[in-house]
>>> print(open('structure14.csv').read())   # CSV, C-alpha atoms and all ligand atoms
chain,number,residue,atom,x,y,z
A,75,MET,CA,56.1,-38.5,-10.2
A,76,ILE,CA,55.7,-40.1,-13.6
A,77,GLU,CA,54.3,-43.6,-13.5
A,78,ASN,CA,54.1,-44.8,-17.0
A,79,ASP,CA,52.4,-48.0,-18.1
A,80,ILE,CA,50.1,-48.2,-15.1
A,81,TYR,CA,46.4,-48.3,-15.8
A,82,ILE,CA,43.7,-48.8,-13.2
A,83,LEU,CA,40.3,-50.0,-14.1
A,84,GLY,CA,37.7,-48.7,-11.7
A,85,ILE,CA,34.3,-50.4,-11.3
A,86,GLU,CA,31.3,-48.9,-9.5
A,87,SER,CA,28.0,-50.6,-8.9
A,88,SER,CA,26.9,-49.7,-5.4
A,89,CYS,CA,23.5,-48.3,-6.1
A,90,ASP,CA,21.8,-47.6,-9.4
A,91,ASP,CA,24.7,-46.4,-11.6
A,92,THR,CA,26.9,-48.9,-13.5
A,93,SER,CA,30.2,-47.2,-14.1
A,94,ALA,CA,33.7,-48.1,-15.3
A,95,ALA,CA,36.7,-45.8,-15.7
A,96,ILE,CA,40.4,-45.9,-16.4
A,97,VAL,CA,43.0,-43.7,-14.8
A,98,ASP,CA,46.7,-43.9,-15.5
A,99,GLY,CA,49.5,-44.1,-13.0
A,100,ASN,CA,49.5,-40.3,-12.5
A,101,GLY,CA,45.8,-40.1,-11.7
A,102,LYS,CA,44.9,-38.8,-15.1
A,103,LEU,CA,41.4,-39.8,-16.1
A,104,LEU,CA,41.3,-41.6,-19.5
A,105,SER,CA,37.7,-42.6,-19.5
A,106,ASN,CA,34.6,-42.6,-17.2
A,107,VAL,CA,31.5,-44.3,-18.6
A,108,ILE,CA,28.3,-44.3,-16.6
A,109,ALA,CA,25.0,-46.1,-17.4
A,110,SER,CA,22.3,-44.7,-15.2
A,111,GLN,CA,19.2,-46.8,-14.6
A,112,LYS,CA,16.0,-45.0,-15.5
A,113,VAL,CA,13.8,-47.9,-14.5
A,114,HIS,CA,13.6,-46.6,-10.9
A,115,GLU,CA,11.9,-43.3,-11.8
A,116,LEU,CA,8.6,-45.2,-12.1
A,117,TYR,CA,8.8,-46.3,-8.5
A,118,GLY,CA,9.9,-43.1,-6.7
A,119,GLY,CA,13.1,-44.7,-5.4
A,120,VAL,CA,15.7,-47.3,-6.2
A,121,VAL,CA,14.3,-50.9,-6.3
A,122,PRO,CA,17.2,-53.1,-5.3
A,123,GLU,CA,16.2,-56.2,-7.3
A,124,LEU,CA,15.8,-54.1,-10.5
A,125,ALA,CA,19.1,-52.4,-9.8
A,126,SER,CA,21.0,-55.7,-9.6
A,127,ARG,CA,19.4,-56.9,-12.9
A,128,ALA,CA,20.3,-53.7,-14.7
A,129,HIS,CA,23.9,-53.9,-13.5
A,130,GLN,CA,24.1,-57.4,-14.9
A,131,GLN,CA,23.0,-56.1,-18.3
A,132,ASN,CA,25.2,-53.0,-18.2
A,133,ILE,CA,28.5,-54.2,-16.7
A,134,VAL,CA,30.1,-55.8,-19.8
A,135,PRO,CA,29.3,-53.0,-22.3
A,136,VAL,CA,30.2,-50.3,-19.8
A,137,VAL,CA,33.6,-51.8,-19.0
A,138,SER,CA,34.3,-52.5,-22.7
A,139,GLU,CA,33.4,-48.9,-23.6
A,140,ALA,CA,35.7,-47.5,-20.8
A,141,ILE,CA,38.6,-49.5,-22.1
A,142,ARG,CA,37.9,-48.4,-25.7
A,143,GLN,CA,37.5,-44.7,-24.8
A,144,ALA,CA,40.8,-44.9,-22.8
A,145,SER,CA,42.5,-46.1,-26.0
A,146,ILE,CA,44.3,-48.9,-24.3
A,147,SER,CA,44.0,-52.7,-24.6
A,148,LYS,CA,42.6,-54.7,-21.8
A,149,GLU,CA,46.1,-56.4,-21.5
A,150,GLN,CA,47.5,-53.1,-20.4
A,151,ILE,CA,45.3,-52.9,-17.3
A,152,SER,CA,47.5,-53.2,-14.1
A,153,ALA,CA,44.8,-53.7,-11.5
A,154,ILE,CA,41.1,-53.6,-11.0
A,155,ALA,CA,39.6,-51.4,-8.3
A,156,TYR,CA,36.0,-52.1,-7.4
A,157,THR,CA,33.5,-50.7,-4.9
A,158,ARG,CA,33.2,-53.2,-2.1
A,159,GLY,CA,30.7,-51.2,-0.1
A,160,PRO,CA,28.7,-49.6,1.4
A,161,GLY,CA,25.7,-49.9,-0.9
A,162,LEU,CA,23.0,-52.3,-2.0
A,163,LEU,CA,24.3,-55.8,-1.6
A,164,GLY,CA,22.8,-57.2,-4.8
A,165,SER,CA,24.2,-54.3,-6.8
A,166,LEU,CA,27.7,-54.6,-5.1
A,167,LEU,CA,27.7,-58.4,-5.9
A,168,VAL,CA,27.5,-57.7,-9.6
A,169,GLY,CA,30.6,-55.4,-9.6
A,170,THR,CA,32.5,-57.5,-7.2
A,171,SER,CA,31.9,-60.8,-9.1
A,172,PHE,CA,32.8,-59.1,-12.4
A,173,ALA,CA,36.0,-57.7,-10.9
A,174,LYS,CA,37.0,-61.1,-9.5
A,175,GLY,CA,36.3,-62.9,-12.8
A,176,LEU,CA,38.3,-60.4,-14.8
A,177,ALA,CA,41.2,-60.3,-12.3
A,178,ILE,CA,41.4,-64.1,-12.4
A,179,ALA,CA,41.2,-64.3,-16.2
A,180,MET,CA,43.9,-61.6,-16.7
A,181,ASN,CA,46.0,-62.6,-13.7
A,182,ILE,CA,46.1,-59.1,-12.3
A,183,PRO,CA,45.5,-57.8,-8.7
A,184,MET,CA,42.3,-56.4,-7.3
A,185,VAL,CA,41.9,-53.5,-5.0
A,186,ASP,CA,38.8,-53.1,-2.9
A,187,VAL,CA,37.5,-49.5,-2.4
A,188,ASN,CA,35.2,-48.1,0.2
A,189,HIS,CA,32.7,-46.1,-1.8
A,190,LEU,CA,32.9,-43.2,0.7
A,191,HIS,CA,36.7,-43.0,0.3
A,192,GLY,CA,36.0,-42.8,-3.4
A,193,HIS,CA,33.8,-39.8,-3.0
A,194,VAL,CA,36.4,-38.0,-0.9
A,195,LEU,CA,39.3,-38.9,-3.2
A,196,SER,CA,37.4,-37.8,-6.3
A,197,HIS,CA,39.3,-34.5,-5.7
A,198,PHE,CA,42.5,-36.2,-6.9
A,199,ILE,CA,41.2,-37.1,-10.4
A,200,ILE,CA,43.3,-35.2,-12.9
A,201,ASP,CA,41.5,-34.3,-16.1
A,202,ASP,CA,41.7,-31.5,-18.6
A,203,ASP,CA,39.7,-29.1,-16.3
A,204,ASN,CA,41.4,-30.1,-13.1
A,205,VAL,CA,45.0,-30.3,-12.3
A,206,GLU,CA,45.0,-28.9,-8.7
A,207,VAL,CA,44.5,-31.4,-5.9
A,208,PRO,CA,44.1,-30.7,-2.1
A,209,GLU,CA,46.9,-30.9,0.3
A,210,PHE,CA,46.5,-33.1,3.4
A,211,PRO,CA,45.0,-32.6,5.9
A,212,PHE,CA,41.8,-31.2,4.5
A,213,LEU,CA,38.2,-31.2,5.6
A,214,CYS,CA,35.6,-32.9,3.4
A,215,LEU,CA,31.9,-32.3,3.7
A,216,LEU,CA,30.5,-35.6,2.3
A,217,ILE,CA,26.9,-35.2,1.5
A,218,SER,CA,24.9,-37.8,-0.5
A,219,GLY,CA,21.6,-39.7,-0.4
A,220,GLY,CA,23.0,-42.1,2.2
A,221,ASN,CA,25.5,-40.0,4.1
A,222,SER,CA,26.2,-36.6,5.6
A,223,GLN,CA,29.5,-36.4,7.3
A,224,ILE,CA,32.3,-34.0,8.0
A,225,ILE,CA,35.6,-35.8,7.6
A,226,LYS,CA,39.1,-34.9,8.4
A,227,VAL,CA,41.2,-36.3,5.7
A,228,GLU,CA,44.8,-36.9,7.0
A,229,SER,CA,45.8,-39.1,4.0
A,230,PRO,CA,44.2,-41.3,1.4
A,231,ASP,CA,43.8,-44.1,3.9
A,232,ASN,CA,43.3,-42.1,7.1
A,233,MET,CA,40.0,-40.4,7.3
A,234,ILE,CA,38.4,-39.4,10.6
A,235,ILE,CA,34.7,-38.6,10.9
A,236,LEU,CA,34.3,-35.5,13.0
A,237,GLY,CA,30.6,-35.1,12.6
A,238,LYS,CA,27.7,-37.0,11.0
A,239,THR,CA,23.9,-37.0,10.7
A,240,ILE,CA,22.1,-38.6,13.5
A,241,ASP,CA,19.1,-39.4,11.4
A,242,ASP,CA,18.5,-38.6,7.7
A,243,ALA,CA,21.2,-37.8,5.2
A,244,ALA,CA,21.1,-34.4,3.4
A,245,GLY,CA,20.1,-36.1,0.2
A,246,GLU,CA,17.2,-37.8,1.9
A,247,ALA,CA,16.0,-34.5,3.2
A,248,PHE,CA,16.0,-33.1,-0.3
A,249,ASP,CA,14.4,-36.3,-1.8
A,250,LYS,CA,11.7,-36.8,0.9
A,251,CYS,CA,10.6,-33.2,0.9
A,252,ALA,CA,10.5,-33.2,-2.9
A,253,LYS,CA,8.4,-36.3,-2.8
A,254,VAL,CA,5.7,-34.7,-0.7
A,255,MET,CA,5.7,-31.8,-3.2
A,256,GLY,CA,4.9,-34.3,-5.9
A,257,LEU,CA,8.3,-34.0,-7.6
A,258,PRO,CA,9.9,-37.1,-9.3
A,259,TYR,CA,12.7,-39.1,-7.7
A,260,PRO,CA,15.5,-38.2,-7.0
A,261,GLY,CA,14.1,-34.8,-5.9
A,262,GLY,CA,17.3,-33.1,-5.1
A,263,PRO,CA,18.0,-31.8,-8.7
A,264,HIS,CA,14.4,-30.6,-9.0
A,265,ILE,CA,14.6,-28.6,-5.8
A,266,ASP,CA,17.8,-27.1,-7.0
A,267,ARG,CA,16.3,-26.0,-10.3
A,268,LEU,CA,13.1,-24.6,-8.7
A,269,ALA,CA,15.1,-22.9,-5.9
A,270,ALA,CA,17.0,-20.8,-8.4
A,271,VAL,CA,13.8,-18.8,-9.0
A,272,GLY,CA,12.3,-18.9,-5.5
A,273,ASN,CA,12.5,-16.8,-2.4
A,274,PRO,CA,14.7,-18.6,0.2
A,275,ASN,CA,13.3,-16.5,3.1
A,276,ARG,CA,9.6,-17.0,2.4
A,277,PHE,CA,9.0,-20.0,4.6
A,278,LYS,CA,10.8,-20.8,7.9
A,279,PHE,CA,11.3,-24.3,9.1
A,280,SER,CA,12.5,-25.5,12.5
A,281,LYS,CA,16.2,-25.7,13.1
A,282,PRO,CA,18.0,-28.6,14.9
A,283,HIS,CA,19.8,-28.0,18.1
A,284,ILE,CA,22.4,-30.8,18.1
A,285,PRO,CA,25.5,-30.4,20.2
A,286,GLY,CA,29.0,-30.8,18.7
A,287,LEU,CA,29.5,-31.4,15.0
A,288,ASP,CA,26.7,-33.8,14.3
A,289,TYR,CA,23.7,-33.0,12.1
A,290,SER,CA,20.0,-33.7,12.1
A,291,PHE,CA,17.6,-33.3,9.2
A,292,SER,CA,14.5,-35.1,10.5
A,293,GLY,CA,13.1,-32.1,12.4
A,294,LEU,CA,13.4,-30.0,9.2
A,295,LYS,CA,11.6,-32.7,7.2
A,296,THR,CA,8.7,-32.8,9.8
A,297,SER,CA,8.5,-29.0,9.9
A,298,PHE,CA,8.3,-28.9,6.1
A,299,LEU,CA,5.6,-31.6,6.0
A,300,TYR,CA,3.5,-29.7,8.6
A,301,THR,CA,3.9,-26.4,6.7
A,302,LEU,CA,2.4,-28.2,3.6
A,303,ARG,CA,-0.3,-29.9,5.6
A,304,ASP,CA,-1.5,-26.7,7.4
A,305,ASN,CA,-1.5,-24.6,4.3
A,306,LEU,CA,-3.2,-27.3,2.2
A,307,LYS,CA,-6.1,-27.1,4.6
A,308,GLU,CA,-6.7,-23.5,3.5
A,309,ASP,CA,-5.7,-23.8,-0.1
A,310,ASP,CA,-5.7,-26.9,-2.3
A,311,ALA,CA,-3.3,-25.4,-4.7
A,312,PHE,CA,-0.8,-24.2,-2.1
A,313,VAL,CA,2.0,-26.5,-3.2
A,314,VAL,CA,1.5,-25.9,-6.9
A,315,ASN,CA,1.3,-22.1,-6.4
A,316,ASN,CA,4.4,-22.0,-4.2
A,317,MET,CA,6.7,-24.6,-5.7
A,318,ALA,CA,9.7,-22.2,-6.2
A,319,ASP,CA,9.5,-20.5,-2.8
A,320,LEU,CA,9.1,-23.9,-1.0
A,321,ALA,CA,12.1,-25.3,-2.8
A,322,ALA,CA,14.2,-22.2,-2.2
A,323,SER,CA,13.3,-22.1,1.5
A,324,LEU,CA,13.9,-25.8,2.0
A,325,GLN,CA,17.3,-25.6,0.2
A,326,HIS,CA,18.2,-22.6,2.2
A,327,SER,CA,17.4,-24.4,5.5
A,328,ILE,CA,19.5,-27.5,4.5
A,329,ILE,CA,22.4,-25.2,3.5
A,330,THR,CA,22.2,-23.3,6.8
A,331,ILE,CA,22.4,-26.6,8.8
A,332,LEU,CA,25.4,-27.8,6.7
A,333,MET,CA,27.3,-24.5,6.9
A,334,ASP,CA,26.7,-24.0,10.6
A,335,LYS,CA,28.5,-27.3,11.4
A,336,LEU,CA,31.1,-26.8,8.7
A,337,HIS,CA,32.0,-23.4,10.3
A,338,LYS,CA,32.3,-25.0,13.7
A,339,THR,CA,34.6,-27.7,12.3
A,340,VAL,CA,36.8,-25.1,10.6
A,341,ILE,CA,37.1,-23.2,13.9
A,342,ASP,CA,37.8,-26.4,15.9
A,343,THR,CA,40.4,-27.8,13.7
A,344,GLY,CA,42.0,-24.7,12.2
A,345,ILE,CA,42.3,-26.6,8.9
A,346,LYS,CA,42.4,-24.2,5.9
A,347,THR,CA,41.3,-26.5,3.0
A,348,VAL,CA,37.7,-27.5,2.6
A,349,ALA,CA,36.3,-29.9,0.0
A,350,ILE,CA,32.8,-31.1,-0.7
A,351,ALA,CA,31.8,-34.4,-2.2
A,352,GLY,CA,28.8,-36.7,-2.9
A,353,GLY,CA,25.6,-36.2,-4.8
A,354,VAL,CA,24.3,-33.2,-2.9
A,355,SER,CA,27.6,-31.4,-3.6
A,356,ALA,CA,26.1,-30.9,-7.1
A,357,ASN,CA,23.6,-28.5,-5.6
A,358,SER,CA,24.1,-25.0,-6.9
A,359,GLY,CA,23.2,-23.4,-3.5
A,360,VAL,CA,25.6,-25.7,-1.6
A,361,ARG,CA,28.4,-25.0,-4.1
A,362,GLY,CA,27.9,-21.3,-3.9
A,363,ALA,CA,27.7,-21.2,-0.1
A,364,VAL,CA,30.9,-23.2,0.4
A,365,ALA,CA,32.8,-21.2,-2.2
A,366,GLU,CA,31.6,-17.9,-0.7
A,367,TYR,CA,32.4,-19.0,2.9
A,368,CYS,CA,35.9,-20.2,1.9
A,369,LYS,CA,36.6,-16.9,0.0
A,370,LYS,CA,35.4,-14.8,3.0
A,371,ASN,CA,37.5,-16.8,5.5
A,372,ASN,CA,40.6,-17.2,3.4
A,373,LEU,CA,40.3,-20.9,3.0
A,374,LYS,CA,41.1,-23.0,-0.1
A,375,ALA,CA,37.9,-24.6,-1.5
A,376,PHE,CA,37.6,-27.7,-3.6
A,377,ILE,CA,34.3,-27.9,-5.4
A,378,PRO,CA,34.1,-31.0,-7.6
A,379,LYS,CA,33.0,-31.1,-11.2
A,380,ARG,CA,29.4,-32.1,-11.3
A,381,SER,CA,30.1,-35.3,-13.1
A,382,PHE,CA,32.3,-36.4,-10.1
A,383,THR,CA,29.7,-35.6,-7.5
A,384,THR,CA,27.2,-38.5,-8.2
A,385,ASP,CA,28.3,-42.1,-8.3
A,386,ASN,CA,31.1,-42.7,-10.8
A,387,ALA,CA,33.9,-45.2,-11.3
A,388,ALA,CA,36.6,-42.4,-11.9
A,389,MET,CA,36.6,-41.9,-8.1
A,390,ILE,CA,36.9,-45.6,-7.5
A,391,ALA,CA,39.8,-45.9,-9.9
A,392,ILE,CA,41.6,-43.0,-8.3
A,393,ALA,CA,41.1,-44.4,-4.8
A,394,GLY,CA,42.3,-47.7,-6.2
A,395,LEU,CA,45.4,-46.1,-7.5
A,396,PHE,CA,46.4,-44.9,-4.0
A,397,LYS,CA,46.1,-48.4,-2.7
A,398,TYR,CA,47.9,-49.9,-5.7
A,399,ARG,CA,50.9,-47.6,-5.0
A,400,ASN,CA,51.0,-49.1,-1.5
A,401,ASN,CA,50.7,-52.7,-2.8
A,402,ASP,CA,47.4,-52.8,-0.8
A,403,PHE,CA,45.7,-55.5,-2.8
A,404,CYS,CA,42.7,-57.7,-1.8
A,405,SER,CA,42.2,-61.4,-1.9
A,406,LEU,CA,39.5,-63.1,-3.9
A,407,GLU,CA,37.7,-64.2,-0.7
A,408,LYS,CA,36.7,-60.7,0.2
A,409,ALA,CA,32.9,-60.3,0.1
A,410,PRO,CA,31.0,-57.0,-0.4
A,411,PHE,CA,29.5,-55.2,2.6
A,412,ALA,CA,26.3,-53.3,2.6
A,413,ARG,CA,27.2,-51.0,5.6
A,414,VAL,CA,30.4,-49.5,6.7
A,415,GLU,CA,31.7,-46.1,7.8
A,416,ILE,CA,34.5,-44.3,6.2
A,501,LIG,O1,26.2,-39.6,-4.0
A,501,LIG,P1,24.9,-40.0,-4.6
A,501,LIG,O2,24.8,-40.0,-6.1
A,501,LIG,O3,24.3,-41.4,-4.2
A,501,LIG,C1,24.5,-41.9,-2.9
A,501,LIG,O4,23.7,-41.6,-2.0
A,501,LIG,O5,25.5,-42.6,-2.8
A,501,LIG,O6,23.8,-39.0,-4.1
A,501,LIG,C2,22.5,-39.0,-4.5
A,501,LIG,C3,21.7,-37.9,-3.8
A,501,LIG,C4,20.2,-37.9,-4.0
A,501,LIG,O7,19.6,-37.7,-2.7
A,501,LIG,C5,20.0,-36.7,-4.9
A,501,LIG,O8,18.7,-36.1,-4.7
A,501,LIG,C6,21.1,-35.8,-4.5
A,501,LIG,O9,22.2,-36.6,-4.3
A,501,LIG,N1,21.4,-34.7,-5.5
A,501,LIG,C7,21.1,-33.4,-5.3
A,501,LIG,C8,21.5,-32.8,-6.5
A,501,LIG,N2,21.9,-33.7,-7.4
A,501,LIG,C9,21.9,-34.9,-6.7
A,501,LIG,N3,20.6,-32.8,-4.2
A,501,LIG,C10,20.4,-31.5,-4.3
A,501,LIG,N4,20.7,-30.8,-5.4
A,501,LIG,C11,21.3,-31.4,-6.5
A,501,LIG,N5,21.6,-30.7,-7.6
>>> encode(input="structure14.csv", output="structure tokens", more="lines below")
Ligand code: KG4
Amino acid sequence: MIENDIYILGIESSCDDTSAAIVDGNGKLLSNVIASQKVHELYGGVVPELASRAHQQNIVPVVSEAIRQASISKEQISAIAYTRGPGLLGSLLVGTSFAKGLAIAMNIPMVDVNHLHGHVLSHFIIDDDNVEVPEFPFLCLLISGGNSQIIKVESPDNMIILGKTIDDAAGEAFDKCAKVMGLPYPGGPHIDRLAAVGNPNRFKFSKPHIPGLDYSFSGLKTSFLYTLRDNLKEDDAFVVNNMADLAASLQHSIITILMDKLHKTVIDTGIKTVAIAGGVSANSGVRGAVAEYCKKNNLKAFIPKRSFTTDNAAMIAIAGLFKYRNNDFCSLEKAPFARVEI
């Protein structure tokens, strides 16, 4: 279907990335600008108050740059899609208020997007490297700093959670364990880098026994912590001397937990298409494990480009485009929400 003259502006501000993107009516990505906030690195985690202030500083230049890079004029924008939640309320308020102001000024509709839908629908972004999109229904392993879910995606607006974490998210497990190893925040990418040269079978951590398709990562985290504590009693330099093996063994354990439940879901549902999404889907080990599993089991795998795994407005714009096509607009009264499921 050719949908000329439609341009959706996406705005994302749910956590610590201010992002704006433009997709056209066919889902083709014309721009995706992201301003990441370095200020939080000093504190070992995102400081909500600082995040809101940085969004305030970034939002106007980021949106202007997204329009400029898309080579359109702002008058050509058909609708504004913005992240309504879940996320940090102060951060969400910046994007929401900006979207409302621009929509009123330009007299164009607004589309509210669930951030988690955005992650899942990032597989529909068309760009120079990606022209193939998943067919419905497909399974999506959504793994980020705040979520770990296996979702059955029936359609863009019908997503069913089949399994989820009962405690920490996969990203939290990476970040919290990295923190006790003395690595900077967010620790996930550091573990990934170190794991590449470590022995994944050197250390064994306890495995969860959760029935059904739900996950748990808190036992692994505690077991990791105890391994460090016990070994540090004998050797002060234990962590420093075993960085790569600790990282590789931790990553291997997280992947084993994720893959075990993914396999159960594939068997239960019989669905032949598997996608991954969210920040943790940038992890080399996770990407490799899912790709290999799908190849072995004759399933179609959708592994996102790394730039679409972490928070970005391209995924909000594409999710907005699906709602735009259904005339599913939102009123100016809608307020952001900090918590919501898919
Ligand atoms: O989706 P996301 O950007 O933010 C939300 O939680 O919404 O995910 C951030 C999470 C962090 O926990 C970060 O450590 C993790 O994604 N992450 C990674 C990698 N890149 C980002 N975890 C493991 N390996 C990576 N390469």
>>> residues_near_ligand(input="structure14.csv", ligand="ligand LIG 501 (chain A)", cutoff="10 Å", atoms="all atoms listed in the file", output="ChimeraX atom specification")
/A:88-91,119,160-161,189-190,193,216-222,243-250,252,258-267,269,325,328,351-361,380-386
>>> atom_distance(input="structure14.csv", atom1="CA of Ile284 (chain A)", atom2="CA of His337 (chain A)")
14.4 Å
>>> atom_distance(input="structure14.csv", atom1="CA of Ile377 (chain A)", atom2="CA of Tyr81 (chain A)")
25.9 Å
>>> closest_residue(input="structure14.csv", among="A:Ser290, A:Thr170, A:Thr330, A:Asn273", to="Ala155 (chain A)", atoms="all atoms listed in the file")
A:Thr170
>>> closest_residue(input="structure14.csv", among="A:Leu166, A:Ile154, A:Ile341, A:Ile235", to="Val185 (chain A)", atoms="all atoms listed in the file")
A:Ile154
>>> closest_residue(input="structure14.csv", among="A:Thr239, A:Asn316, A:Asn372, A:Ser126", to="Pro285 (chain A)", atoms="all atoms listed in the file")
A:Thr239
>>> closest_atom_pairs(input="structure14.csv", of="region 94-201 of chain A", to="region 395-405 of chain A", cutoff="9 Å", atoms="only C-alpha atoms", output="CSV")
residue,atom,partner,partner_atom,distance
A:Val97,CA,A:Leu395,CA,8.1
A:Asp98,CA,A:Leu395,CA,8.4
A:Gly99,CA,A:Leu395,CA,7.1
A:Asn100,CA,A:Leu395,CA,8.7
A:Gly101,CA,A:Leu395,CA,7.3
A:Ala153,CA,A:Tyr398,CA,7.6
A:Ala155,CA,A:Leu395,CA,7.9
A:Pro183,CA,A:Phe403,CA,6.3
A:Met184,CA,A:Cys404,CA,5.7
A:Val185,CA,A:Phe403,CA,4.8
A:Asp186,CA,A:Cys404,CA,6.1
A:Val187,CA,A:Lys397,CA,8.7
>>> residues_around(input="structure14.csv", residues="Leu306 (chain A)", least_positions_apart="5", cutoff="12 Å", atoms="all atoms listed in the file", output="ChimeraX atom specification")
/A:254-255,299-301,311-316
>>> closest_residue(input="structure14.csv", among="A:Ala318, A:Leu336, A:Ala95, A:Leu167", to="Ala409 (chain A)", atoms="only C-alpha atoms")
A:Leu167
>>> atom_distance(input="structure14.csv", atom1="CA of Asp201 (chain A)", atom2="CA of Tyr367 (chain A)")
26.0 Å
>>> residues_around(input="structure14.csv", residues="Asp342 (chain A)", least_positions_apart="6", cutoff="12 Å", atoms="all atoms listed in the file", output="list in words")
Leu213, Lys226, Leu236, Gly237, Gly286, Leu287, Lys335 and Leu336 of chain A
>>> closest_residue(input="structure14.csv", among="A:Cys368, A:Pro274, A:Glu308, A:Ser165", to="Met333 (chain A)", atoms="all atoms listed in the file")
A:Cys368
>>> residues_around(input="structure14.csv", residues="region 135-151 of chain A", least_positions_apart="3", cutoff="7 Å", atoms="all atoms listed in the file", output="PyMOL selection string")
chain A and resi 81-83+93-96+104-107+132
>>> closest_residue(input="structure14.csv", among="A:Gln131, A:Ser152, A:Asn204, A:Ser110", to="Gly84 (chain A)", atoms="all atoms listed in the file")
A:Ser152
>>> residues_around(input="structure14.csv", residues="Pro208 (chain A)", least_positions_apart="2", cutoff="10 Å", atoms="only C-alpha atoms", output="compact mmCIF listing (two decimals) with C-alpha atoms, keeping the file's coordinate frame")
# COMPACT_ATOMS: atom_id res chain seq x y z
CA LEU A 195 39.30 -38.90 -3.20
CA HIS A 197 39.30 -34.50 -5.70
CA PHE A 198 42.50 -36.20 -6.90
CA GLU A 206 45.00 -28.90 -8.70
CA PHE A 210 46.50 -33.10 3.40
CA PRO A 211 45.00 -32.60 5.90
CA PHE A 212 41.80 -31.20 4.50
CA LEU A 213 38.20 -31.20 5.60
CA THR A 347 41.30 -26.50 3.00
CA VAL A 348 37.70 -27.50 2.60
CA ALA A 349 36.30 -29.90 0.00
CA LYS A 374 41.10 -23.00 -0.10
CA ALA A 375 37.90 -24.60 -1.50
CA PHE A 376 37.60 -27.70 -3.60
>>> residues_around(input="structure14.csv", residues="His191 (chain A)", least_positions_apart="6", cutoff="8 Å", atoms="all atoms listed in the file", output="number ranges by chain")
A: 230, 393, 416
